[in-house]
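A short worksheet on the structure shown next.
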Amino acid sequence: MEGNNQTRVTEFLLLGFPGQSEEEVVFVLFLGMYLLTLIGNLLIILAISCDPHLHTPMYFFLANLSSVDICLSSVTVPKMLVNHMTGSRSISYVGCMTQMYFFITFPNMDGFLLGVMAYDRYVAICRPLHYSLIMRPRLCAILVAISWVITNLHALLHTLLLLRLTFCSDNTVHHFFCDPYPVMKLSCSDTFINDLVVFTVGGVIFLTPFTCIVISYAYIFSNVLRLPSARGIRKALSTCGSHLTVVSLFYGAILGVYMHPSSSYSLQDMLATVIFTVMTPLLNPFIYSLRNRDMKAALRKIIFRSQN
């Protein structure tokens with residue numbers, strides 16, 4: 001490669017969405033979604049913290065999920081909004097690597113929490129008499145702590161592999177944030193190891209909670225179908241409906257984006273990342289609160305207290 005192409009980049013340019021003619025509309029849309037994400041998830045955390053009736057394993061995991069969703073949206077959206085306000089599209093090399101580290105951490109943490117929540121539903125429905133004995137506060141805290149350790153180590157591995165890549169003259173990222181796949185496409189060095197680790201280690205990290213979800217719901221459905229009454233079946237499944245909705249949105253988007261080589265990353269993949277980085281954190285509070293009587297009651301108490 002020519003000498004003038006070997007200049008190492010110190011920053012990247014985030015192009016955002018291609019063909020973006022209505023930038024003001026996109027800015028207002030993302031700002032509105034981000035504010036709703038913050039408000040909705042903070043209300044979930046506040047409701048669970050203030051209501052003693054919600055101090056159970058299921059809501060402990062839900063509060064953690066809401067915290068992670070706030071962090072996930074905050075990794076990408078604020079930088080895009082700031083760039084729009086300042087008229088700059090740049091992000092420093094260090095800033096880009098840092099953004100990718102947390103972007104890898106929080107979606108994976110979301111997945112692990114969804115897996116733990118599926119196990120919690122399995123114990124509640126299939127082994128109700130042993131629920132309080134199995135899902136002790138200490139076990140819940142350990143499950144969340146282990147999930148944080150695994151996801152951070154996984155993010156560190158990918159970030160270190162990204163740091164070894166050489167980026168030459170082309171520093172234009174065709175995305176609104178530093179997504180690892182579009183960034184890897186800019187590298188003028190071989191990304192085979194990166195792609196290999198994505199499919200092997202990344203595959204294990206992805207499949208571990210997903211397998212837990214599938215097995216948990218296989219047991220749940222097999223037990224539920226043995227219930228004698230249709231009312232019992234509806235009651236049992238109603239406790240899982242919200243969780244299944246979130247799982248479908250989250251894993252459907254990730255499967256569409258990252259289960260293929262980085263070289264084939266496209267506009268459709270970019271739009272799919274919006275689903276699990278922006279839309280899923282936005283929708284989670286509505287999905288869990290609208291389908292949950294206890295959560296709605298706790299939110300009403302908070303609103304009533306604030307009015308008084």
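How things are named: the first chain in the structure tokens is A, the next is B, and so on; residues count from 1 in each chain; ligands count from 1 in the order shown.
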Exercise for the section: For Leu62 (chain A), list every protein, DNA or RNA residue within 12 Å, evaluated using only C-alpha atoms, and leave out those in the same chain fewer than 3 positions away; present the list as JSON, numbers by chain. Expected result: {"A": [41, 42, 43, 44, 45, 46, 47, 48, 49, 54, 55, 56, 57, 58, 59, 65, 66, 67, 68, 69, 110, 113, 114, 115, 116, 117, 118, 120, 140, 144, 242, 243, 246, 281, 284, 285, 287, 288, 289, 295]}
Let's have the selection written as a short mmCIF file (atom, residue, chain, number, x, y, z; two decimals), in the first residue's frame, with N, CA and C atoms.
data_model
loop_
_atom_site.label_atom_id
_atom_site.label_comp_id
_atom_site.auth_asym_id
_atom_site.auth_seq_id
_atom_site.Cartn_x
_atom_site.Cartn_y
_atom_site.Cartn_z
N ASN A 41 -37.29 3.96 32.14
CA ASN A 41 -36.47 3.01 32.90
C ASN A 41 -36.19 3.51 34.31
N LEU A 42 -36.01 4.83 34.47
CA LEU A 42 -35.83 5.38 35.82
C LEU A 42 -37.08 5.19 36.67
N LEU A 43 -38.25 5.32 36.06
CA LEU A 43 -39.50 5.08 36.78
C LEU A 43 -39.61 3.62 37.22
N ILE A 44 -39.18 2.70 36.37
CA ILE A 44 -39.19 1.28 36.73
C ILE A 44 -38.29 1.04 37.93
N ILE A 45 -37.08 1.60 37.88
CA ILE A 45 -36.12 1.42 38.99
C ILE A 45 -36.67 2.05 40.27
N LEU A 46 -37.24 3.25 40.15
CA LEU A 46 -37.80 3.95 41.31
C LEU A 46 -38.97 3.18 41.91
N ALA A 47 -39.86 2.67 41.05
CA ALA A 47 -41.02 1.92 41.53
C ALA A 47 -40.60 0.66 42.28
N ILE A 48 -39.61 -0.05 41.74
CA ILE A 48 -39.14 -1.27 42.38
C ILE A 48 -38.43 -0.96 43.70
N SER A 49 -37.69 0.14 43.73
CA SER A 49 -36.96 0.51 44.95
C SER A 49 -37.90 0.95 46.07
N LEU A 54 -42.40 -5.26 45.67
CA LEU A 54 -41.63 -5.58 44.47
C LEU A 54 -40.20 -5.99 44.78
N HIS A 55 -39.90 -6.20 46.04
CA HIS A 55 -38.56 -6.63 46.43
C HIS A 55 -38.46 -8.15 46.32
N THR A 56 -38.59 -8.62 45.09
CA THR A 56 -38.52 -10.05 44.79
C THR A 56 -37.47 -10.26 43.70
N PRO A 57 -37.03 -11.52 43.49
CA PRO A 57 -36.00 -11.77 42.47
C PRO A 57 -36.38 -11.26 41.09
N MET A 58 -37.63 -11.49 40.65
CA MET A 58 -38.04 -11.07 39.32
C MET A 58 -37.85 -9.57 39.12
N TYR A 59 -38.25 -8.77 40.11
CA TYR A 59 -38.14 -7.32 39.98
C TYR A 59 -36.72 -6.83 40.24
N LEU A 65 -32.07 -4.82 34.58
CA LEU A 65 -32.27 -4.71 33.14
C LEU A 65 -32.53 -3.26 32.74
N SER A 66 -33.33 -2.55 33.53
CA SER A 66 -33.61 -1.14 33.25
C SER A 66 -32.34 -0.30 33.36
N SER A 67 -31.49 -0.60 34.34
CA SER A 67 -30.22 0.12 34.50
C SER A 67 -29.32 -0.09 33.29
N VAL A 68 -29.24 -1.34 32.84
CA VAL A 68 -28.41 -1.65 31.68
C VAL A 68 -28.96 -1.00 30.42
N ASP A 69 -30.30 -0.96 30.29
CA ASP A 69 -30.91 -0.33 29.12
C ASP A 69 -30.60 1.17 29.07
N ASP A 110 -27.52 -7.36 28.71
CA ASP A 110 -28.96 -7.49 28.48
C ASP A 110 -29.33 -8.95 28.24
N LEU A 113 -29.06 -11.06 31.42
CA LEU A 113 -30.16 -10.77 32.34
C LEU A 113 -31.46 -11.41 31.85
N LEU A 114 -31.69 -11.40 30.54
CA LEU A 114 -32.87 -12.05 29.99
C LEU A 114 -32.81 -13.56 30.23
N GLY A 115 -31.62 -14.13 30.16
CA GLY A 115 -31.45 -15.54 30.45
C GLY A 115 -31.73 -15.86 31.91
N VAL A 116 -31.21 -15.02 32.81
CA VAL A 116 -31.45 -15.21 34.24
C VAL A 116 -32.93 -15.04 34.57
N MET A 117 -33.59 -14.08 33.93
CA MET A 117 -35.02 -13.86 34.15
C MET A 117 -35.84 -15.05 33.66
N ALA A 118 -35.40 -15.69 32.57
CA ALA A 118 -36.09 -16.88 32.09
C ALA A 118 -35.96 -18.02 33.10
N ASP A 120 -35.57 -17.62 36.29
CA ASP A 120 -36.43 -17.21 37.41
C ASP A 120 -37.88 -17.59 37.14
N CYS A 140 -29.24 -14.50 43.58
CA CYS A 140 -29.59 -13.46 42.59
C CYS A 140 -28.43 -12.50 42.38
N VAL A 144 -26.06 -11.98 38.87
CA VAL A 144 -25.85 -10.67 38.22
C VAL A 144 -24.36 -10.33 38.19
N SER A 242 -44.50 -10.70 28.82
CA SER A 242 -43.63 -9.52 28.69
C SER A 242 -42.20 -9.92 28.37
N HIS A 243 -41.73 -10.93 29.09
CA HIS A 243 -40.35 -11.39 28.90
C HIS A 243 -40.14 -11.94 27.50
N VAL A 246 -39.84 -9.09 24.88
CA VAL A 246 -38.53 -8.44 24.90
C VAL A 246 -37.46 -9.35 24.29
N PRO A 281 -34.58 -0.71 24.56
CA PRO A 281 -34.56 0.00 25.85
C PRO A 281 -35.73 0.94 26.03
N ASN A 284 -39.01 -1.50 26.62
CA ASN A 284 -39.01 -2.37 27.81
C ASN A 284 -39.88 -1.86 28.95
N PRO A 285 -39.78 -0.59 29.36
CA PRO A 285 -40.63 -0.11 30.46
C PRO A 285 -42.11 -0.23 30.15
N ILE A 287 -43.53 -2.36 27.97
CA ILE A 287 -43.91 -3.78 27.87
C ILE A 287 -44.11 -4.37 29.27
N TYR A 288 -43.17 -4.07 30.18
CA TYR A 288 -43.25 -4.67 31.51
C TYR A 288 -44.31 -4.00 32.39
N SER A 289 -44.52 -2.70 32.22
CA SER A 289 -45.49 -2.01 33.09
C SER A 289 -46.92 -2.20 32.63
N MET A 295 -46.64 -3.70 38.87
CA MET A 295 -45.83 -2.57 38.42
C MET A 295 -46.70 -1.34 38.19
#
Practice task
Would you list, as a ChimeraX atom specification, the residues of region 59-290 of chain A that end up in alpha helix (DSSP H) under DSSP run on this structure's backbone?
Solution key: /A:59-86,93-126,131-134,137-163,180-185,192-224,230-258,267-274,280-290
Practice task
Name the residues in contact with region 160-163 of chain A at a cut-off of 10 Å, using only C-alpha atoms, excluding same-chain residues fewer than 3 positions from it; report them as a list in words.
Solution key: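 Neighbouring residues, sequence-local ones excluded: Tyr93, Val94, Met97, Met100, Tyr101, Ala155, Leu156, Leu157, Thr166, Phe167, Pro180, Val183, Met184, Ser187, Thr191, Ile193, Asn194 and Val197 of chain A.
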Problem - Of the listed residues A:Cys188, A:Met80, A:Thr200, A:Leu255, that which approaches Val26 (chain A) most closely, counting only C-alpha atoms - result: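 Closest candidate: A:Met80.
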Problem - A:Leu72, A:Cys96, A:Ala297, A:Ile215 ranked by distance to Phe276 (chain A), top pick (using only C-alpha atoms) - result: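 With only C-alpha atoms as the atom set, the closest residue is A:Leu72.
Closest approach to Ile125 (chain A) from the set A:Phe102, A:Tyr219, A:Phe250, A:Phe304 is made by A:Tyr219, with distances taken over only C-alpha atoms.
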Practice task
Can you work out the spacing between CA of Phe106 (chain A) and CA of Asp195 (chain A) in Å, to one decimal?
Solution key: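 That distance, rounded to one decimal, is 20.0 Å.
Each of A:Ile134, A:Gly16, A:Ile146, A:Pro78 was checked against Leu271 (chain A) using only C-alpha atoms; the smallest atom-to-atom distance is that of A:Gly16.
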Practice task
Determine, counting only C-alpha atoms, which protein, DNA and RNA residues have an atom within 8 Å of an atom of Asn108 (chain A); residues of the same chain fewer than 2 positions away are not included. Present the result as a list in words.
Solution key: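 In the requested form, the answer reads Ile104, Thr105, Phe106, Asp110, Gly111, Phe112, Thr151, Ile205 and Phe206 of chain A.
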Exercise for the section: Extract the full set of strand (DSSP E) residues from region 49-283 of chain A according to DSSP on the backbone, and format it as number ranges by chain. Expected result: A: 90-92, 172-173
Exercise for the section: Rounded to one decimal place, report the CA of Asn223 (chain A)-CA of Asn292 (chain A) distance in Å. Expected result: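 Separation of CA of Asn223 (chain A) and CA of Asn292 (chain A): 22.1 Å.
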Exercise for the section: Can you work out the spacing between CA of Asn152 (chain A) and CA of Asp269 (chain A) in Å, to one decimal? Expected result: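 CA of Asp269 (chain A) lies 24.0 Å from CA of Asn152 (chain A).
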Problem - Which of A:Leu283, A:Val75, A:Leu81, A:Leu14 sits closest to Thr98 (chain A) [using only C-alpha atoms] - result: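 When distances to Thr98 (chain A) are compared using only C-alpha atoms, the smallest one comes from A:Val75.
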Handout entry: Spatial neighbours of Asn171 (chain A), max dist 10 Å, only C-alpha atoms, sep filter under 2 positions, as a list in words
Key =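 Listed by chain and then number, they are Arg8, Val9, Thr10, Glu11, Phe12, Leu13, Leu14, Ser90, Tyr93, Phe167, Cys168, Ser169, Val173, His174, Val183, Leu186 and Ser187 of chain A.
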